[in-house]
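Everything below belongs to coords-v4.cif, which stores mmCIF, C-alpha atoms.
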```cif
data_start
loop_
_atom_site.label_atom_id
_atom_site.label_comp_id
_atom_site.auth_asym_id
_atom_site.auth_seq_id
_atom_site.Cartn_x
_atom_site.Cartn_y
_atom_site.Cartn_z
CA MET A 1393 13.21 1.96 -5.66
CA TYR A 1394 16.35 1.46 -3.57
CA PRO A 1395 19.51 3.40 -2.67
CA ALA A 1396 22.63 3.12 -4.80
CA PRO A 1397 24.75 0.95 -2.42
CA ALA A 1398 22.24 -1.89 -2.61
CA CYS A 1399 22.27 -1.72 -6.40
CA ARG A 1400 26.06 -1.85 -6.58
CA GLN A 1401 26.39 -4.67 -4.05
CA ARG A 1402 23.90 -6.91 -5.78
CA GLY A 1403 25.02 -5.88 -9.26
CA MET A 1404 28.67 -6.69 -8.63
CA PHE A 1405 27.66 -10.00 -7.03
CA LEU A 1406 25.49 -11.00 -9.99
CA ALA A 1407 28.04 -9.91 -12.58
CA ALA A 1408 30.86 -11.79 -10.84
CA ARG A 1409 28.73 -14.90 -10.41
CA ARG A 1410 27.63 -14.98 -14.04
CA GLN A 1411 31.18 -14.42 -15.27
CA PHE A 1412 32.39 -17.24 -13.04
CA ILE A 1413 29.71 -19.59 -14.37
CA ALA A 1414 30.55 -18.64 -17.96
CA VAL A 1415 34.31 -19.17 -17.47
CA VAL A 1416 33.81 -22.52 -15.75
CA THR A 1417 31.41 -23.66 -18.49
CA VAL A 1418 33.81 -22.73 -21.28
CA PHE A 1419 36.69 -24.40 -19.44
CA LEU A 1420 34.72 -27.63 -18.96
CA ILE A 1421 33.71 -27.71 -22.63
CA LEU A 1422 37.31 -27.23 -23.77
CA PHE A 1423 38.54 -29.81 -21.27
CA PHE A 1424 35.95 -32.29 -22.53
CA PHE A 1425 36.91 -31.90 -26.16
CA ILE A 1426 40.63 -32.07 -25.45
CA LYS A 1427 40.10 -35.16 -23.30
CA VAL A 1428 37.99 -36.90 -25.96
CA PHE A 1429 40.03 -35.62 -28.89
CA PRO A 1430 43.63 -35.27 -27.66
CA GLN A 1431 44.84 -34.31 -31.15
CA LEU A 1432 42.38 -31.42 -31.40
CA PRO A 1433 44.76 -28.59 -30.33
CA ALA A 1434 47.17 -29.54 -33.12
CA CYS A 1435 44.43 -29.53 -35.74
CA PRO A 1436 44.66 -26.51 -38.11
CA ALA A 1437 40.87 -26.38 -38.36
CA PHE A 1438 40.67 -25.85 -34.58
CA PHE A 1439 42.93 -22.80 -34.75
CA GLN A 1440 41.04 -21.48 -37.75
CA ALA A 1441 37.71 -21.75 -35.92
CA PHE A 1442 39.19 -20.14 -32.80
CA ASN A 1443 40.59 -17.21 -34.78
CA THR A 1444 37.31 -16.75 -36.64
CA ALA A 1445 35.34 -16.67 -33.38
CA SER A 1446 37.78 -14.17 -31.87
CA LYS A 1447 37.57 -11.91 -34.92
CA TRP A 1448 33.76 -12.10 -34.95
CA THR A 1449 33.59 -11.17 -31.24
CA GLU A 1450 35.95 -8.25 -31.76
CA GLU A 1451 33.89 -6.94 -34.68
CA LEU A 1452 30.67 -7.33 -32.68
CA TYR A 1453 31.89 -5.36 -29.70
CA GLN A 1454 33.76 -2.61 -31.55
CA TRP A 1455 30.40 -1.13 -32.56
CA ASP A 1456 29.43 -0.56 -28.93
CA ALA A 1457 31.91 1.31 -26.73
CA MET A 1458 29.83 0.61 -23.62
CA LYS A 1459 30.14 -3.15 -24.17
CA ILE A 1460 33.92 -2.82 -24.36
CA MET A 1461 33.99 -0.83 -21.11
CA LYS A 1462 31.73 -3.36 -19.40
CA MET A 1463 34.11 -6.18 -20.42
CA GLY A 1464 36.96 -4.40 -18.67
CA MET A 1465 34.91 -3.06 -15.73
CA PRO A 1466 32.13 -5.54 -14.86
CA VAL A 1467 30.69 -3.18 -12.25
CA LEU A 1468 29.33 -1.06 -15.12
CA ASN A 1469 26.92 -3.87 -15.96
CA ARG A 1470 24.77 -2.87 -13.00
CA ILE A 1471 25.43 0.81 -12.28
CA ASP A 1472 22.75 3.20 -13.49
CA PHE A 1473 23.93 6.33 -11.58
CA GLU A 1474 21.13 6.12 -9.02
CA GLY A 1475 20.55 2.45 -8.27
CA ASP A 1476 17.27 0.74 -7.65
CA ILE A 1477 17.84 -2.94 -6.94
CA GLY A 1478 17.32 -4.04 -3.36
CA GLU A 1479 18.32 -6.90 -1.13
CA LEU A 1480 17.40 -10.47 -2.02
CA THR A 1481 16.23 -13.32 0.14
CA ALA A 1482 18.17 -16.60 0.10
CA TRP A 1483 15.44 -18.22 -2.00
CA GLN A 1484 15.50 -15.34 -4.50
CA ILE A 1485 19.28 -15.66 -4.80
CA ILE A 1486 18.91 -19.37 -5.64
CA LEU A 1487 16.21 -18.65 -8.24
CA ASP A 1488 18.28 -15.82 -9.69
CA GLY A 1489 21.35 -18.05 -9.97
CA VAL A 1490 19.52 -20.88 -11.71
CA GLY A 1491 17.67 -18.40 -13.89
CA ALA A 1492 20.93 -16.72 -14.95
CA VAL A 1493 22.19 -20.02 -16.34
CA SER A 1494 18.90 -21.15 -17.90
CA ARG A 1495 17.98 -17.62 -19.07
CA VAL A 1496 14.53 -18.02 -17.52
CA ASN A 1497 13.05 -15.76 -14.87
CA LEU A 1498 12.07 -18.41 -12.33
CA SER A 1499 10.59 -15.76 -10.03
CA ASN A 1500 7.91 -15.10 -12.62
CA PRO A 1501 5.61 -18.00 -13.61
CA ALA A 1502 4.96 -16.31 -16.94
CA GLY A 1503 8.69 -16.42 -17.68
CA VAL A 1504 8.76 -20.20 -17.15
CA LEU A 1505 5.78 -20.65 -19.47
CA HIS A 1506 7.41 -18.46 -22.11
CA SER A 1507 10.53 -20.62 -22.02
CA GLU A 1508 8.52 -23.79 -22.67
CA ILE A 1509 5.86 -22.36 -25.01
CA GLN A 1510 7.77 -19.82 -27.06
CA PHE A 1511 4.66 -18.57 -28.85
CA LEU A 1512 3.47 -17.02 -25.58
CA ALA A 1513 6.52 -14.77 -25.45
CA ARG A 1514 5.22 -13.01 -28.58
CA LEU A 1515 1.93 -12.11 -26.93
CA GLU A 1516 1.66 -8.86 -25.04
CA ILE A 1517 -0.96 -9.30 -22.35
CA PRO A 1518 -2.38 -5.95 -21.24
CA ALA A 1519 -2.23 -5.09 -17.57
CA GLU A 1520 -5.42 -5.60 -15.64
CA LYS A 1521 -7.65 -2.57 -15.82
CA VAL A 1522 -8.52 -0.97 -12.53
CA THR A 1523 -11.76 0.81 -11.81
CA ALA A 1524 -10.61 4.21 -10.63
CA LEU A 1525 -12.57 6.17 -8.07
CA PRO A 1526 -15.24 8.33 -9.73
CA VAL A 1527 -14.38 11.98 -10.13
CA GLN A 1528 -16.99 14.40 -8.82
CA PRO A 1529 -16.85 17.42 -11.15
CA LEU A 1530 -17.06 20.86 -9.65
CA GLU A 1531 -20.13 23.01 -10.32
CA PRO A 1532 -19.45 24.89 -12.45
CA ALA A 1533 -16.77 22.75 -14.12
CA ALA A 1534 -13.19 23.77 -13.35
CA VAL A 1535 -11.49 25.88 -16.00
CA LEU A 1536 -8.04 24.65 -16.97
CA SER A 1537 -5.15 26.95 -16.15
CA GLU A 1538 -3.67 28.64 -19.19
CA ASP A 1539 -0.19 27.22 -18.64
CA CYS A 1540 0.89 23.71 -17.76
CA LEU A 1541 1.68 23.68 -14.05
CA VAL A 1542 2.46 19.99 -13.40
CA ALA A 1543 4.60 17.52 -15.38
CA ILE A 1544 4.37 13.79 -14.65
CA TYR A 1545 6.41 10.81 -15.85
CA ASN A 1546 7.62 7.37 -14.67
CA THR A 1547 11.30 6.48 -14.62
CA HIS A 1548 10.46 2.83 -13.90
CA THR A 1549 7.47 2.46 -16.18
CA GLY A 1550 7.19 -1.28 -15.56
CA GLU A 1551 6.73 -1.03 -11.79
CA THR A 1552 3.36 -2.42 -10.79
CA TYR A 1553 1.30 -3.77 -7.88
CA SER A 1554 1.28 -7.48 -7.10
CA LEU A 1555 -2.26 -7.59 -5.71
CA THR A 1556 -3.52 -6.48 -9.12
CA ASP A 1557 -1.05 -7.91 -11.63
CA GLY A 1558 0.38 -10.87 -9.69
CA VAL A 1559 3.95 -9.63 -10.27
CA ASP A 1560 6.05 -6.66 -9.14
CA ARG A 1561 7.16 -5.58 -12.61
CA LEU A 1562 5.93 -5.75 -16.18
CA ASP A 1563 9.19 -5.73 -18.13
CA GLY A 1564 9.06 -3.57 -21.22
CA ARG A 1565 5.42 -2.65 -20.59
CA LYS A 1566 3.41 -0.07 -18.67
CA GLY A 1567 2.77 -1.13 -15.09
CA GLY A 1568 0.43 0.09 -12.41
CA VAL A 1569 2.48 3.23 -11.76
CA VAL A 1570 1.43 4.48 -15.19
CA THR A 1571 -2.22 4.00 -14.23
CA VAL A 1572 -1.52 5.94 -11.02
CA ALA A 1573 0.16 8.77 -12.95
CA ALA A 1574 -2.82 8.93 -15.31
CA ALA A 1575 -5.20 9.17 -12.34
CA LEU A 1576 -3.17 12.08 -10.95
CA GLN A 1577 -3.39 13.93 -14.24
CA GLU A 1578 -7.13 13.28 -14.49
CA GLU A 1579 -7.77 14.50 -10.95
CA LEU A 1580 -5.71 17.67 -11.33
CA GLU A 1581 -7.32 18.63 -14.62
CA SER A 1582 -10.95 17.56 -14.23
CA LYS A 1583 -11.46 18.43 -10.57
CA TYR A 1584 -9.04 21.30 -9.93
CA GLY A 1585 -8.54 22.83 -13.37
CA ILE A 1586 -4.75 22.45 -13.23
CA LYS A 1587 -3.28 21.85 -16.67
CA THR A 1588 -0.99 18.83 -16.56
CA VAL A 1589 1.35 17.20 -19.06
CA ARG A 1590 2.31 13.53 -18.76
CA SER A 1591 4.58 11.12 -20.60
CA GLU A 1592 3.97 7.36 -20.91
CA ARG A 1593 7.31 6.75 -22.58
CA ILE A 1594 8.90 3.49 -21.41
CA ASN A 1595 12.16 4.52 -19.75
CA ASP A 1596 13.20 1.20 -18.21
CA ALA A 1597 13.49 -1.09 -21.23
CA ASP A 1598 17.13 -1.30 -20.10
CA TYR A 1599 16.68 -1.05 -16.33
CA ASN A 1600 20.26 0.06 -15.71
CA LEU A 1601 19.78 3.08 -17.97
CA SER A 1602 16.38 4.07 -16.55
CA TYR A 1603 17.41 7.42 -15.12
CA LEU A 1604 19.40 8.37 -18.21
CA GLU A 1605 16.35 7.69 -20.38
CA ALA A 1606 14.03 9.42 -17.91
CA GLU A 1607 16.24 12.51 -18.04
CA LYS A 1608 15.50 12.80 -21.75
CA THR A 1609 11.79 12.48 -21.02
CA ALA A 1610 11.86 15.12 -18.29
CA ARG A 1611 13.86 17.55 -20.40
CA GLU A 1612 11.40 17.17 -23.29
CA LEU A 1613 8.44 17.85 -20.99
CA LEU A 1614 10.08 20.94 -19.51
CA ALA A 1615 11.23 22.27 -22.88
CA ALA A 1616 7.70 22.03 -24.24
CA ASN A 1617 6.19 23.52 -21.06
CA PRO A 1618 8.61 26.15 -19.71
CA LYS A 1619 6.17 27.45 -17.06
CA THR A 1620 5.89 24.09 -15.32
CA THR A 1621 5.74 24.55 -11.54
CA VAL A 1622 6.00 20.95 -10.29
CA VAL A 1623 7.65 17.82 -11.75
CA LEU A 1624 6.65 14.43 -10.31
CA ASP A 1625 8.30 11.07 -11.02
CA ILE A 1626 5.82 8.39 -9.89
CA HIS A 1627 7.24 5.12 -8.46
CA ARG A 1628 6.17 2.48 -5.96
CA ASP A 1629 8.08 1.18 -2.95
CA ALA A 1630 9.17 -2.41 -2.19
CA ASN A 1631 10.32 -4.67 0.64
CA LYS A 1632 7.31 -3.83 2.82
CA THR A 1633 4.70 -6.05 4.40
CA ARG A 1634 1.00 -5.80 3.63
CA GLU A 1635 0.45 -4.19 7.04
CA GLN A 1636 3.05 -1.52 6.25
CA SER A 1637 1.36 -0.86 2.91
CA ILE A 1638 -2.06 0.18 4.18
CA ILE A 1639 -3.38 3.45 5.58
CA LYS A 1640 -7.04 3.69 6.59
CA ILE A 1641 -8.70 6.91 5.41
CA ASN A 1642 -12.46 7.34 5.51
CA GLY A 1643 -12.79 3.61 6.09
CA GLN A 1644 -10.91 2.67 2.91
CA ASN A 1645 -7.53 1.05 2.37
CA VAL A 1646 -5.19 3.64 0.87
CA ALA A 1647 -1.55 3.21 -0.19
CA PRO A 1648 0.97 5.31 1.79
CA LEU A 1649 3.04 8.03 0.12
CA LEU A 1650 6.79 8.48 0.49
CA PHE A 1651 8.86 11.32 -0.97
CA ILE A 1652 12.45 10.75 -2.14
CA VAL A 1653 14.79 13.72 -2.47
CA GLY A 1654 18.24 13.52 -4.03
CA SER A 1655 21.24 15.29 -2.53
CA ASP A 1656 24.79 16.40 -3.35
CA ALA A 1657 26.43 13.52 -1.47
CA ARG A 1658 27.97 12.03 -4.62
CA ARG A 1659 27.72 14.71 -7.28
CA PRO A 1660 27.37 18.51 -7.30
CA PHE A 1661 23.75 19.49 -6.68
CA PRO A 1662 23.83 22.88 -4.93
CA ASN A 1663 20.06 23.53 -5.01
CA TRP A 1664 18.75 20.20 -3.75
CA GLN A 1665 17.46 21.91 -0.58
CA GLN A 1666 14.80 23.61 -2.72
CA ASN A 1667 13.40 20.22 -3.68
CA HIS A 1668 13.57 19.15 -0.04
CA ALA A 1669 11.70 22.25 1.13
CA PHE A 1670 8.96 21.65 -1.43
CA ALA A 1671 8.71 17.97 -0.45
CA GLN A 1672 8.37 19.02 3.18
CA GLU A 1673 5.64 21.52 2.30
CA LEU A 1674 3.69 18.95 0.29
CA SER A 1675 4.11 16.21 2.90
CA ASN A 1676 2.89 18.53 5.66
CA GLU A 1677 -0.09 19.61 3.55
CA ILE A 1678 -1.03 15.98 2.90
CA ASN A 1679 -0.80 14.96 6.54
CA GLY A 1680 -2.72 18.05 7.57
CA MET A 1681 -5.59 16.93 5.35
CA TYR A 1682 -5.17 13.14 5.71
CA PRO A 1683 -3.12 12.30 8.82
CA GLY A 1684 -0.62 9.50 8.28
CA LEU A 1685 -0.98 9.33 4.50
CA SER A 1686 2.54 10.69 3.94
CA LEU A 1687 5.37 8.71 5.49
CA GLY A 1688 7.62 11.75 5.15
CA ILE A 1689 10.82 12.32 3.20
CA ARG A 1690 13.97 10.32 2.65
CA VAL A 1691 17.14 11.98 1.40
CA TYR A 1692 19.31 9.71 -0.76
CA ASP A 1693 22.73 10.12 -2.35
CA GLY A 1694 21.51 10.09 -5.95
CA ILE A 1695 20.15 13.05 -7.88
CA TYR A 1696 17.25 11.27 -9.65
CA ASN A 1697 17.06 14.02 -12.29
CA GLN A 1698 15.78 16.46 -9.66
CA SER A 1699 18.45 18.98 -10.65
CA LEU A 1700 16.28 19.77 -13.70
CA HIS A 1701 13.71 21.70 -11.64
CA PRO A 1702 13.56 23.22 -8.12
CA HIS A 1703 10.22 21.47 -7.44
CA ALA A 1704 11.06 18.03 -8.84
CA LEU A 1705 10.15 15.11 -6.58
CA LEU A 1706 10.21 11.33 -6.70
CA VAL A 1707 6.97 9.99 -5.19
CA GLU A 1708 6.60 6.38 -4.12
CA VAL A 1709 2.91 5.56 -4.17
CA GLY A 1710 2.32 2.39 -2.17
CA THR A 1711 4.40 -0.78 -2.32
CA THR A 1712 4.47 -4.07 -4.16
CA LYS A 1713 1.93 -5.33 -1.60
CA ASN A 1714 -0.77 -2.87 -2.68
CA SER A 1715 -3.36 -3.05 -5.40
CA THR A 1716 -3.42 -0.49 -8.18
CA GLU A 1717 -6.80 0.74 -6.98
CA GLU A 1718 -5.39 1.49 -3.50
CA ALA A 1719 -2.58 3.47 -5.12
CA VAL A 1720 -5.08 5.38 -7.29
CA ARG A 1721 -7.05 6.35 -4.17
CA SER A 1722 -3.85 7.66 -2.63
CA ILE A 1723 -2.77 9.71 -5.63
CA ARG A 1724 -6.19 11.39 -5.81
CA LEU A 1725 -5.71 12.54 -2.22
CA LEU A 1726 -2.24 13.83 -3.10
CA ALA A 1727 -3.82 15.81 -5.94
CA SER A 1728 -6.07 17.67 -3.52
CA ALA A 1729 -3.09 18.67 -1.36
CA LEU A 1730 -1.02 19.67 -4.39
CA ALA A 1731 -3.92 21.73 -5.75
CA GLY A 1732 -4.08 23.62 -2.46
CA ILE A 1733 -0.38 24.47 -2.60
CA LEU A 1734 -0.53 25.51 -6.26
CA GLY A 1735 -3.54 27.68 -5.50
CA GLN A 1736 -1.55 29.48 -2.80
CA GLN A 1737 1.47 29.91 -5.07
CA THR A 1738 -0.51 31.26 -8.02
CA GLY A 1739 -2.89 33.29 -5.92
CA SER A 1740 -5.90 31.50 -7.36
CA GLN A 1741 -8.51 29.27 -5.77
CA PRO A 1742 -8.34 25.70 -7.17
#
```
Have the structure of the file written as structure tokens, please.
Amino acid sequence: MYPAPACRQRGMFLAARRQFIAVVTVFLILFFFIKVFPQLPACPAFFQAFNTASKWTEELYQWDAMKIMKMGMPVLNRIDFEGDIGELTAWQIILDGVGAVSRVNLSNPAGVLHSEIQFLARLEIPAEKVTALPVQPLEPAAVLSEDCLVAIYNTHTGETYSLTDGVDRLDGRKGGVVTVAAALQEELESKYGIKTVRSERINDADYNLSYLEAEKTARELLAANPKTTVVLDIHRDANKTREQSIIKINGQNVAPLLFIVGSDARRPFPNWQQNHAFAQELSNEINGMYPGLSLGIRVYDGIYNQSLHPHALLVEVGTTKNSTEEAVRSIRLLASALAGILGQQTGSQP
């Protein structure tokens, strides 16, 4: 998850580069044919084929207004309102450039195999299952709250953890962050009796539209559960080293937590301070119970759908350098802090 400027910078660069490659390729093809067949431009069949192709392209694009806008404004090809694509290394830029031409994700070994053995592309390999930490039920067992108090979803459903899955993202599938969100729901309900609703809808099938799709998901959750007290969008961080991705708690490796709060820097969002105040309360509660687990709060320019609820937060659980199990340990600790806050707010003992 990255700030909007990084997304725009890389997006414009990629869009311009791919357009340049496409134009040069078409020019070279035309030059080749004209050089080999100098009479080709005067051939009626050539003009007929050209007109047919132009008409077909026009008919194809007139069904999609967004495609027409993206043709005129290439920057729209990478803007998703919030932005989540970070900086690339020189080697990644080279792989991305070659991959753009060959239509193969050279950063992902599976993508190379799929390009050579097309049958593999039809197989959906499930993400590696992680053994979550055992839940110790309360005696007597916790009684679920009457109303749903917590709503959970994942804007970037495909985000995952490289130490478990070998890649940073499972495109079009449910990554490790979904496992982490499920662990949070399980902990809140089974251990603390806090009724929780969660969506596993894939919101990042088109990565650039992730937040627009996630808004629909969040609105559906809130409409079905109007008494929801907290809304959490579970992500994972990136561009961190393994050392920066580990917190030692009770002798175990645990993934750090980071809270992202949107602001009114780019669009009207008059009540964003409410989200910030809640993030500060939760971060302080976490560090009071588990010192160093929360890395604090970052305020970004985007809104991240946090205008839908005064206690809506984006939580980055670990980084690409964690395992899913480390992230699950972390989210269970967050659940205990969140349960304490909800108990104070509702006047009940979790």
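Here atom CA of A:Glu1708 is placed at a distance of 29.1 Å from atom CA of A:Val1535.
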Which polymer residues have any atom within 8 Å of an atom of A:Leu1541, counting all atoms listed in the file, with same-chain residues fewer than 4 positions away left out, as a tab-separated table (two decimals) with C-alpha atoms, in the frame of the given file?
```tsv
chain	number	residue	atom	x	y	z
A	1537	SER	CA	-5.15	26.95	-16.15
A	1586	ILE	CA	-4.75	22.45	-13.23
A	1587	LYS	CA	-3.28	21.85	-16.67
A	1588	THR	CA	-0.99	18.83	-16.56
A	1619	LYS	CA	6.17	27.45	-17.06
A	1620	THR	CA	5.89	24.09	-15.32
A	1621	THR	CA	5.74	24.55	-11.54
A	1622	VAL	CA	6.00	20.95	-10.29
```
Evaluate the PyMOL selection byres ((chain A and resi 1678-1680) around 12) and report residues as a ChimeraX atom specification: /A:1639,1641,1648-1651,1671-1677,1681-1688,1722-1733
Selected residue, from A:Leu1613, A:Ala1606, A:Val1691, A:Leu1706, that lies nearest to A:Ile1626 when counting all atoms listed in the file: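 Looking at the shortest contact to A:Ile1626, the residue is A:Leu1706.
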Explicit residue set for the PyMOL selection byres ((chain A and resi 1557) around 9), as number ranges by chain: A: 1519-1520, 1552-1556, 1558-1562, 1567-1568, 1715-1716
Between atom CA of A:Gln1698 and atom CA of A:Ala1543 - distance in Å to one decimal: 12.6 Å
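Here the question is which of A:Val1589, A:Leu1734, A:Ile1594, A:Val1646 gets nearest to A:Val1569 using all atoms listed in the file, and that residue is A:Ile1594.
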Atomic distance atom CA of A:Glu1717 - atom CA of A:Glu1551, expressed in Å with one decimal: 14.5 Å
Which residue of A:Gly1564, A:Ala1573, A:Cys1540, A:Gly1550 approaches A:Val1720 most closely, using only C-alpha atoms: A:Ala1573
Among the residues A:His1627, A:Lys1608, A:Arg1690, A:Arg1593, the one that comes closest to A:Lys1566 [using only C-alpha atoms]: A:Arg1593
Counting only C-alpha atoms, the option among A:Thr1571, A:Ile1695, A:Leu1536, A:Ala1597 closest to A:Tyr1584: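 Distance minimum relative to A:Tyr1584 lands on A:Leu1536.
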